[in-house]
$ cat structure.txt   # compact mmCIF, C-alpha atoms
# COMPACT_ATOMS: atom_id res chain seq x y z
CA MET M 1 20.96 15.55 -22.66
CA THR M 2 20.99 11.76 -22.74
CA ALA M 3 17.93 9.65 -23.48
CA GLU M 4 18.11 8.47 -19.88
CA ASP M 5 17.79 12.03 -18.59
CA LEU M 6 14.89 12.67 -20.92
CA TYR M 7 13.05 9.66 -19.62
CA GLN M 8 13.75 10.66 -16.04
CA GLU M 9 12.30 14.07 -16.75
CA ALA M 10 9.30 12.46 -18.45
CA LEU M 11 8.80 10.29 -15.37
CA VAL M 12 8.85 13.26 -13.03
CA ARG M 13 6.47 15.15 -15.29
CA LEU M 14 4.11 12.19 -15.41
CA ALA M 15 4.22 11.88 -11.61
CA ARG M 16 3.45 15.58 -11.16
CA GLU M 17 0.45 15.37 -13.49
CA ARG M 18 -1.25 13.17 -10.88
CA ALA M 19 -3.82 12.15 -13.49
CA GLY M 20 -6.70 10.34 -11.83
CA ALA M 21 -5.59 11.24 -8.31
CA GLY M 22 -8.52 11.29 -5.90
CA ARG M 23 -11.60 9.23 -5.11
CA LEU M 24 -14.58 7.89 -7.01
CA GLU M 25 -18.17 8.33 -5.98
CA GLY M 26 -19.46 4.83 -5.37
CA PRO M 27 -16.61 2.72 -6.76
CA GLY M 28 -17.51 -0.79 -7.95
CA GLY M 29 -14.17 -2.12 -6.79
CA SER M 30 -11.18 -0.90 -4.84
CA ALA M 31 -7.88 -2.28 -3.61
CA THR M 32 -5.03 -1.04 -1.45
CA LEU M 33 -1.60 -2.59 -1.81
CA ASP M 34 1.68 -1.67 -0.21
CA ASN M 35 5.33 -2.52 -0.42
CA PRO M 36 6.41 -3.55 3.07
CA LEU M 37 10.06 -2.76 2.31
CA CYS M 38 9.77 0.86 1.16
CA GLY M 39 6.33 1.84 2.46
CA ASP M 40 4.81 2.73 -0.93
CA ARG M 41 1.04 2.44 -0.64
CA VAL M 42 -1.49 2.62 -3.46
CA THR M 43 -5.27 2.61 -3.37
CA VAL M 44 -7.04 2.20 -6.72
CA GLU M 45 -10.79 2.56 -7.20
CA VAL M 46 -12.64 1.56 -10.36
CA ARG M 47 -16.13 1.60 -11.74
CA LEU M 48 -16.94 -0.87 -14.51
CA ALA M 49 -19.66 -0.61 -17.13
CA GLY M 50 -20.28 -3.17 -19.85
CA GLY M 51 -17.16 -5.10 -18.88
CA ARG M 52 -14.87 -2.09 -19.25
CA ILE M 53 -13.34 0.40 -16.85
CA GLU M 54 -15.62 3.40 -16.92
CA ALA M 55 -13.79 5.43 -14.28
CA VAL M 56 -10.59 5.05 -12.28
CA ALA M 57 -9.07 6.98 -9.38
CA HIS M 58 -6.06 6.44 -7.15
CA ARG M 59 -4.36 7.67 -4.03
CA VAL M 60 -0.61 7.15 -3.77
CA HIS M 61 1.80 7.46 -0.91
CA GLY M 62 5.05 6.65 -2.56
CA CYS M 63 8.05 7.53 -4.66
CA VAL M 64 8.11 9.28 -8.03
CA LEU M 65 8.09 5.96 -9.91
CA CYS M 66 4.99 4.78 -8.08
CA GLU M 67 3.30 8.14 -8.61
CA ALA M 68 4.20 8.14 -12.31
CA SER M 69 2.84 4.63 -12.75
CA ALA M 70 -0.44 5.50 -11.04
CA SER M 71 -0.70 8.71 -13.05
CA LEU M 72 -0.26 6.76 -16.30
CA LEU M 73 -3.07 4.43 -15.29
CA GLY M 74 -5.18 7.37 -14.19
CA SER M 75 -5.01 8.86 -17.65
CA GLY M 76 -5.01 5.64 -19.71
CA ALA M 77 -6.95 2.87 -17.95
CA ARG M 78 -10.42 4.08 -18.86
CA GLY M 79 -12.04 1.83 -21.44
CA LEU M 80 -9.82 -1.18 -20.70
CA THR M 81 -11.29 -4.63 -20.11
CA PRO M 82 -9.93 -6.80 -17.27
CA ALA M 83 -8.04 -8.83 -19.88
CA GLN M 84 -6.45 -5.68 -21.27
CA VAL M 85 -5.43 -4.59 -17.76
CA GLU M 86 -3.73 -7.98 -17.49
CA ALA M 87 -2.03 -7.48 -20.86
CA ALA M 88 -0.80 -4.01 -19.91
CA ARG M 89 0.56 -5.31 -16.64
CA GLY M 90 2.31 -8.12 -18.50
CA ALA M 91 3.79 -5.63 -20.97
CA VAL M 92 5.24 -3.40 -18.25
CA GLU M 93 6.63 -6.41 -16.41
CA ALA M 94 8.24 -7.72 -19.61
CA LEU M 95 9.76 -4.28 -20.16
CA LEU M 96 11.19 -4.18 -16.65
CA ARG M 97 12.39 -7.80 -16.48
CA GLN M 98 13.50 -8.46 -20.06
CA GLY M 99 13.62 -5.05 -21.70
CA THR M 100 10.90 -6.03 -24.19
CA PRO M 101 9.69 -2.88 -25.96
CA PRO M 102 6.09 -2.38 -24.89
CA PRO M 103 3.30 -2.19 -27.48
CA GLU M 104 1.29 1.02 -27.72
CA ALA M 105 -1.97 -0.89 -27.19
CA PRO M 106 -3.98 -1.43 -25.12
CA LEU M 107 -2.15 1.04 -22.87
CA GLY M 108 0.31 3.51 -24.43
CA GLY M 109 3.25 5.32 -22.90
CA LEU M 110 4.72 2.39 -20.97
CA SER M 111 8.18 2.96 -22.47
CA VAL M 112 8.56 5.87 -20.06
CA PHE M 113 9.60 3.22 -17.53
CA THR M 114 12.50 1.89 -19.66
CA PRO M 115 15.22 3.43 -17.43
CA VAL M 116 13.83 1.52 -14.43
CA ARG M 117 14.86 -1.74 -16.12
CA ASN M 118 18.41 -1.32 -14.83
CA VAL M 119 17.31 -0.95 -11.21
CA PRO M 120 15.63 -4.24 -10.23
CA SER M 121 15.00 -3.11 -6.65
CA ARG M 122 12.64 -0.42 -8.01
CA HIS M 123 10.56 -2.63 -10.32
CA THR M 124 7.95 -3.05 -7.58
CA CYS M 125 7.49 0.72 -7.44
CA VAL M 126 6.23 0.68 -11.03
CA LEU M 127 4.26 -2.56 -10.73
CA LEU M 128 2.42 -1.73 -7.49
CA PRO M 129 -0.25 0.53 -9.09
CA PHE M 130 -0.78 -2.08 -11.85
CA ASP M 131 -1.24 -4.76 -9.22
CA ALA M 132 -3.66 -2.56 -7.30
CA LEU M 133 -5.63 -1.86 -10.49
CA ARG M 134 -5.73 -5.57 -11.26
CA ALA M 135 -6.99 -6.34 -7.73
CA ALA M 136 -9.58 -3.54 -7.88
CA VAL M 137 -10.88 -4.74 -11.26
CA SER M 138 -11.04 -8.39 -10.24
CA GLY M 139 -13.11 -7.50 -7.20
CA ALA M 140 -15.37 -5.08 -9.07
CA LYS M 141 -18.98 -5.61 -10.04
CA GLY M 142 -20.16 -4.73 -13.52
CA MET Q 1 -12.06 15.70 47.46
CA ARG Q 2 -15.63 14.95 46.51
CA ARG Q 3 -16.23 11.62 44.85
CA ASP Q 4 -17.61 13.24 41.69
CA THR Q 5 -14.50 15.45 41.45
CA LEU Q 6 -12.32 12.37 41.81
CA ALA Q 7 -14.32 10.54 39.15
CA ALA Q 8 -14.01 13.51 36.79
CA LEU Q 9 -10.26 13.71 37.45
CA ARG Q 10 -9.84 10.02 36.71
CA ALA Q 11 -11.79 10.48 33.47
CA ASP Q 12 -9.48 13.35 32.47
CA LEU Q 13 -6.40 11.27 33.23
CA ALA Q 14 -7.76 8.37 31.21
CA ALA Q 15 -8.56 10.66 28.27
CA LYS Q 16 -5.13 12.33 28.59
CA ARG Q 17 -6.73 15.77 28.98
CA PRO Q 18 -4.65 18.37 30.86
CA VAL Q 19 -6.44 19.40 34.06
CA VAL Q 20 -5.62 21.34 37.22
CA LEU Q 21 -7.06 20.50 40.63
CA ALA Q 22 -7.55 23.77 42.50
CA VAL Q 23 -7.71 23.30 46.27
CA ASP Q 24 -8.89 26.12 48.49
CA LEU Q 25 -6.34 26.05 51.32
CA ALA Q 26 -8.70 27.69 53.81
CA SER Q 27 -11.75 25.47 53.32
CA GLY Q 28 -10.17 22.39 51.76
CA SER Q 29 -12.76 22.38 49.01
CA SER Q 30 -11.52 21.62 45.53
CA ARG Q 31 -12.58 21.87 41.92
CA LEU Q 32 -11.17 21.00 38.51
CA VAL Q 33 -10.05 23.63 36.05
CA HIS Q 34 -9.29 22.68 32.46
CA PRO Q 35 -6.63 24.84 30.80
CA ALA Q 36 -8.45 24.36 27.52
CA GLY Q 37 -11.46 26.16 29.02
CA GLY Q 38 -15.10 25.10 28.99
CA ASP Q 39 -15.63 24.94 32.76
CA GLU Q 40 -18.60 26.81 34.19
CA GLY Q 41 -18.19 29.47 36.84
CA VAL Q 42 -14.39 29.59 36.88
CA ASP Q 43 -12.90 32.88 38.02
CA PRO Q 44 -10.87 34.24 35.05
CA ALA Q 45 -7.88 34.88 37.33
CA LEU Q 46 -7.96 31.23 38.47
CA LEU Q 47 -8.24 30.00 34.88
CA SER Q 48 -5.27 32.12 33.88
CA ALA Q 49 -3.20 30.86 36.84
CA ALA Q 50 -4.18 27.25 36.10
CA ARG Q 51 -3.19 27.68 32.46
CA GLN Q 52 0.19 29.04 33.47
CA ALA Q 53 0.79 26.22 35.94
CA ALA Q 54 -0.15 23.63 33.31
CA ALA Q 55 2.05 25.30 30.69
CA ASP Q 56 4.95 25.27 33.17
CA ASP Q 57 4.04 21.68 34.10
CA GLN Q 58 4.47 22.77 37.72
CA SER Q 59 2.03 22.53 40.60
CA ARG Q 60 2.14 25.60 42.89
CA ARG Q 61 0.53 27.71 45.57
CA TRP Q 62 -1.44 30.60 44.17
CA ASP Q 63 -2.72 33.57 46.11
CA GLY Q 64 -5.94 34.42 44.35
CA PRO Q 65 -8.56 37.06 45.04
CA GLY Q 66 -10.55 34.52 47.09
CA GLY Q 67 -7.58 33.47 49.22
CA PRO Q 68 -4.67 31.02 48.89
CA MET Q 69 -5.09 27.94 46.72
CA PHE Q 70 -2.95 25.03 45.69
CA LEU Q 71 -2.95 24.27 41.97
CA ARG Q 72 -2.13 20.63 41.34
CA VAL Q 73 -1.25 20.08 37.67
CA TYR Q 74 -2.24 16.83 35.99
CA ASN Q 75 -0.70 16.94 32.53
CA PRO Q 76 -0.90 13.96 30.23
CA PRO Q 77 2.46 12.28 29.66
CA VAL Q 78 4.83 13.75 27.14
CA LYS Q 79 4.37 12.00 23.81
CA LEU Q 80 7.30 11.04 21.65
CA VAL Q 81 6.50 10.21 18.05
CA ILE Q 82 9.36 8.40 16.36
CA VAL Q 83 9.10 8.32 12.58
CA GLY Q 84 11.08 5.36 11.31
CA ALA Q 85 11.11 1.92 12.91
CA VAL Q 86 14.88 1.77 12.57
CA HIS Q 87 17.74 0.48 14.71
CA ILE Q 88 18.15 3.65 16.79
CA ALA Q 89 14.39 3.78 17.35
CA GLN Q 90 14.63 0.34 18.94
CA ALA Q 91 16.90 1.86 21.59
CA LEU Q 92 15.17 5.23 21.87
CA ALA Q 93 11.63 3.88 22.32
CA PRO Q 94 12.26 1.89 25.53
CA MET Q 95 14.46 4.65 26.95
CA ALA Q 96 11.72 7.22 26.42
CA ARG Q 97 9.21 4.89 28.05
CA LEU Q 98 11.48 4.58 31.08
CA ALA Q 99 11.51 8.38 31.23
CA GLY Q 100 7.73 8.23 31.56
CA TYR Q 101 6.79 9.28 28.06
CA ASP Q 102 4.16 7.84 25.77
CA VAL Q 103 5.89 6.51 22.67
CA ALA Q 104 4.52 5.87 19.20
CA VAL Q 105 6.61 4.55 16.33
CA VAL Q 106 5.32 5.48 12.90
CA ASP Q 107 6.51 3.67 9.81
CA PRO Q 108 4.52 2.58 6.75
CA ARG Q 109 7.19 -0.02 5.99
CA ARG Q 110 5.66 -3.11 7.55
CA SER Q 111 8.91 -5.06 7.36
CA PHE Q 112 10.49 -2.56 9.77
CA ALA Q 113 7.50 -1.82 12.00
CA THR Q 114 7.14 -5.26 13.56
CA GLU Q 115 6.00 -6.31 17.03
CA GLU Q 116 9.19 -8.36 17.40
CA ARG Q 117 11.33 -5.25 17.00
CA PHE Q 118 9.13 -2.96 19.12
CA GLN Q 119 7.54 -4.84 21.96
CA GLY Q 120 5.14 -2.84 24.09
CA VAL Q 121 5.32 0.25 21.88
CA GLU Q 122 2.41 1.71 19.92
CA LEU Q 123 3.18 0.89 16.30
CA VAL Q 124 1.50 2.90 13.56
CA ARG Q 125 2.01 1.40 10.12
CA GLU Q 126 0.73 4.41 8.21
CA TRP Q 127 2.22 7.31 6.34
CA PRO Q 128 3.28 10.10 8.69
CA ASP Q 129 0.91 12.75 7.30
CA GLU Q 130 -2.08 10.56 8.14
CA ALA Q 131 -0.60 9.03 11.29
CA LEU Q 132 0.45 12.33 12.85
CA ALA Q 133 -2.92 13.92 12.16
CA ARG Q 134 -4.56 11.03 13.98
CA LEU Q 135 -2.07 10.92 16.88
CA GLY Q 136 -2.43 14.67 17.42
CA LEU Q 137 0.57 16.97 17.81
CA GLY Q 138 0.41 19.33 20.80
CA PRO Q 139 2.73 21.37 23.01
CA ARG Q 140 3.68 18.21 24.93
CA THR Q 141 4.60 16.24 21.81
CA ALA Q 142 8.07 15.63 20.40
CA VAL Q 143 8.71 14.31 16.88
CA VAL Q 144 11.92 12.64 15.78
CA THR Q 145 12.43 11.52 12.17
CA MET Q 146 14.78 8.63 11.48
CA THR Q 147 13.99 6.91 8.19
CA HIS Q 148 16.64 8.68 6.06
CA ASP Q 149 14.00 8.56 3.30
CA PRO Q 150 12.70 12.05 2.43
CA LYS Q 151 9.44 10.68 1.09
CA ILE Q 152 8.63 9.45 4.62
CA ASP Q 153 10.55 11.95 6.81
CA ASP Q 154 9.46 15.13 5.02
CA PRO Q 155 5.67 14.73 5.44
CA ALA Q 156 6.31 14.13 9.15
CA LEU Q 157 8.41 17.28 9.42
CA VAL Q 158 5.81 19.33 7.55
CA ALA Q 159 3.15 18.17 10.03
CA ALA Q 160 5.44 18.81 13.01
CA LEU Q 161 6.42 22.30 11.81
CA ARG Q 162 2.76 23.22 11.47
CA ALA Q 163 2.05 22.12 15.05
CA PRO Q 164 3.12 23.55 18.43
CA VAL Q 165 5.31 20.52 19.29
CA PHE Q 166 8.12 21.31 21.73
CA TYR Q 167 10.82 19.33 19.97
CA ILE Q 168 11.58 18.27 16.41
CA GLY Q 169 14.66 16.14 15.82
CA CYS Q 170 15.98 14.90 12.48
CA LEU Q 171 18.48 12.11 12.21
CA GLY Q 172 21.05 12.69 9.47
CA SER Q 173 24.39 14.27 8.70
CA LYS Q 174 25.00 18.01 8.23
CA LYS Q 175 24.87 17.47 4.49
CA THR Q 176 21.53 15.66 4.78
CA GLN Q 177 20.20 18.46 6.98
CA ALA Q 178 21.15 21.12 4.42
CA ALA Q 179 19.32 19.27 1.64
CA ARG Q 180 16.34 18.73 3.94
CA ARG Q 181 16.14 22.42 4.86
CA GLU Q 182 16.25 23.33 1.18
CA ARG Q 183 13.35 20.99 0.39
CA LEU Q 184 11.28 22.33 3.29
CA ALA Q 185 12.08 25.93 2.32
CA ARG Q 186 10.69 25.15 -1.13
CA GLN Q 187 7.50 24.08 0.62
CA GLY Q 188 7.20 27.54 2.14
CA PHE Q 189 8.90 27.23 5.56
CA ASP Q 190 10.99 30.29 6.46
CA GLU Q 191 14.20 30.49 8.49
CA ALA Q 192 12.33 30.96 11.78
CA ALA Q 193 10.31 27.79 11.16
CA LEU Q 194 13.35 25.78 10.08
CA ALA Q 195 15.23 26.94 13.19
CA ARG Q 196 12.90 24.65 15.17
CA LEU Q 197 14.53 21.61 13.56
CA HIS Q 198 17.23 19.93 15.63
CA GLY Q 199 19.56 18.31 13.16
CA PRO Q 200 22.00 16.70 13.33
CA VAL Q 201 19.88 15.36 16.14
CA GLY Q 202 20.95 15.04 19.77
CA LEU Q 203 23.29 16.72 22.21
CA PRO Q 204 26.98 16.52 21.24
CA ILE Q 205 28.13 13.99 23.81
CA GLY Q 206 30.33 12.00 21.43
CA ALA Q 207 27.77 9.23 21.05
CA VAL Q 208 29.02 6.30 18.98
CA SER Q 209 26.80 3.27 19.55
CA THR Q 210 23.13 3.04 18.69
CA ALA Q 211 22.12 3.26 22.35
CA GLU Q 212 24.44 6.20 22.95
CA ILE Q 213 22.88 8.08 20.06
CA ALA Q 214 19.48 7.39 21.61
CA VAL Q 215 20.77 8.86 24.89
CA SER Q 216 21.94 11.99 23.12
CA ILE Q 217 18.55 12.40 21.41
CA LEU Q 218 16.66 11.86 24.66
CA SER Q 219 18.94 14.35 26.44
CA GLU Q 220 18.24 17.02 23.85
CA LEU Q 221 14.52 16.33 24.08
CA VAL Q 222 14.59 16.67 27.90
CA SER Q 223 16.58 19.88 27.62
CA CYS Q 224 13.98 21.37 25.27
CA LEU Q 225 11.16 20.18 27.51
CA ARG Q 226 12.57 21.41 30.80
CA GLN Q 227 14.75 24.34 29.76
CA GLY Q 228 13.03 25.46 26.59
CA SER Q 229 16.13 24.94 24.48
CA ALA Q 230 18.91 22.51 23.79
CA SER Q 231 21.82 23.22 26.14
CA ARG Q 232 24.69 22.77 23.74
$ encode --input "structure.txt" --output "structure tokens"
Amino acid sequence: MTAEDLYQEALVRLARERAGAGRLEGPGGSATLDNPLCGDRVTVEVRLAGGRIEAVAHRVHGCVLCEASASLLGSGARGLTPAQVEAARGAVEALLRQGTPPPEAPLGGLSVFTPVRNVPSRHTCVLLPFDALRAAVSGAKG
Amino acid sequence: MRRDTLAALRADLAAKRPVVLAVDLASGSSRLVHPAGGDEGVDPALLSAARQAAADDQSRRWDGPGGPMFLRVYNPPVKLVIVGAVHIAQALAPMARLAGYDVAVVDPRRSFATEERFQGVELVREWPDEALARLGLGPRTAVVTMTHDPKIDDPALVAALRAPVFYIGCLGSKKTQAARRERLARQGFDEAALARLHGPVGLPIGAVSTAEIAVSILSELVSCLRQGSASR
């Protein structure tokens, strides 16, 4: 098995976990973004407390990459500040665009998306949940 | 016809509710009978006859226990739900409208589902599972999937297979159809359910151009509507 295959499997597994899938009771902020070319659609809801994400939930209509990305945020975004959300988004974008190995903080596990680097047309699939989280956080109270 | 009967009939037509106008041929008096039920004081034999006439989409004379009646069927238009705002859909949608059908084009991809490409057609820029639940799939609905993207086509087919729609067509080659049937079988649909899928879609008339393919799809749809099966 090649490393590529392993990552693909890890991506599928991550997508199937659907961590954080669902809704929040009384979200402080929420955002829905879509990709008009492929139809992927992500809604992210957050609740902030003390300047950090206290709870996060998402609903995804999309491909495995989009689902995996949302699932990673669903399991890892709790406790992040808006600045750290920005940093994590920057790290995943740098991985996709330049192949920069992602740091394990503030959000671990981003290297799972390494194989996507070679398929530029699919970068948006991974970034869409990050963008939705960013939008939800920026519009959130607390 | 009494004015209140006429008003009620117009309301049913506007709401796209199937209704049968039952006219007593001896007295000329008339009343409305809804195949879905809920009318007060309807003779069960009349209700059953009205249901049959509506199901056949055919007005007819009926000799009931109270004497001869004429059952005039007012069915809502056939609804065609096209999933995928693609090239062939641009030809199929206006053709289906000319045939008198209501047409909705469902596609969450906003760059495809544009007013410029589909003038005068109901455009639903949502995912098919949500869109089809909202549009409602009944015995006078046909669903045709065209996106070639399983993540969009499959949820539409799952919804269609769970509903009593009269026609389900799937654009795609024989190879695509085989893979599609395998995926749907994994979701729990048996052979009998999958036999409702028409794919490769359309009657085999040697269609080549986009518009010709639309003709072949529409022909198959009409055949299923009027003859209960595709006359291959």
$ residues_around --input "structure.txt" --residues "Ala21 of chain M" --least-positions-apart "6" --cutoff "7 Å" --atoms "only C-alpha atoms" --output "PyMOL selection string"
chain M and resi 57-59
$ atom_distance --input "structure.txt" --atom1 "atom CA of Val64 of chain M" --atom2 "atom CA of Arg16 of chain M"
8.4 Å
$ closest_atom_pairs --input "structure.txt" --of "chain Q" --to "chain M" --cutoff "12 Å" --atoms "all atoms listed in the file" --output "Markdown table"
| residue | atom | partner | partner_atom | distance |
| --- | --- | --- | --- | --- |
| Q:Gly84 | CA | M:Gly39 | CA | 10.6 |
| Q:Ala85 | CA | M:Gly39 | CA | 11.5 |
| Q:Val106 | CA | M:Gly39 | CA | 11.1 |
| Q:Asp107 | CA | M:Gly39 | CA | 7.6 |
| Q:Pro108 | CA | M:Gly39 | CA | 4.7 |
| Q:Arg109 | CA | M:Gly39 | CA | 4.1 |
| Q:Arg110 | CA | M:Pro36 | CA | 4.6 |
| Q:Ser111 | CA | M:Pro36 | CA | 5.2 |
| Q:Phe112 | CA | M:Leu37 | CA | 7.5 |
| Q:Ala113 | CA | M:Pro36 | CA | 9.2 |
| Q:Thr114 | CA | M:Pro36 | CA | 10.7 |
| Q:Arg125 | CA | M:Gly39 | CA | 8.8 |
| Q:Glu126 | CA | M:Gly39 | CA | 8.4 |
| Q:Trp127 | CA | M:His61 | CA | 7.3 |
| Q:Pro128 | CA | M:His61 | CA | 10.1 |
| Q:Asp129 | CA | M:His61 | CA | 9.8 |
| Q:Glu130 | CA | M:His61 | CA | 10.3 |
| Q:Thr147 | CA | M:Cys38 | CA | 10.2 |
| Q:His148 | CA | M:Cys38 | CA | 11.5 |
| Q:Asp149 | CA | M:Cys38 | CA | 9.0 |
| Q:Pro150 | CA | M:Cys63 | CA | 9.6 |
| Q:Lys151 | CA | M:Cys63 | CA | 6.7 |
| Q:Ile152 | CA | M:Gly39 | CA | 8.2 |
| Q:Asp153 | CA | M:Gly39 | CA | 11.8 |
| Q:Pro155 | CA | M:His61 | CA | 10.4 |
$ atom_distance --input "structure.txt" --atom1 "atom CA of Thr5 of chain Q" --atom2 "atom CA of Val23 of chain Q"
11.4 Å
$ residues_around --input "structure.txt" --residues "Ser75 of chain M" --least-positions-apart "6" --cutoff "9 Å" --atoms "all atoms listed in the file" --output "PyMOL selection string"
chain M and resi 18-20+56
$ residues_around --input "structure.txt" --residues "Leu9 of chain Q" --least-positions-apart "6" --cutoff "10 Å" --atoms "all atoms listed in the file" --output "JSON, numbers by chain"
{"Q": [3, 15, 17, 18, 19, 20, 21, 31, 32, 74]}
$ closest_residue --input "structure.txt" --among "M:Ala10, M:Leu96, M:Leu128, M:Ala55" --to "Gly26 of chain M" --atoms "only C-alpha atoms"
M:Ala55
$ atom_distance --input "structure.txt" --atom1 "atom CA of Leu47 of chain Q" --atom2 "atom CA of Val222 of chain Q"
27.3 Å
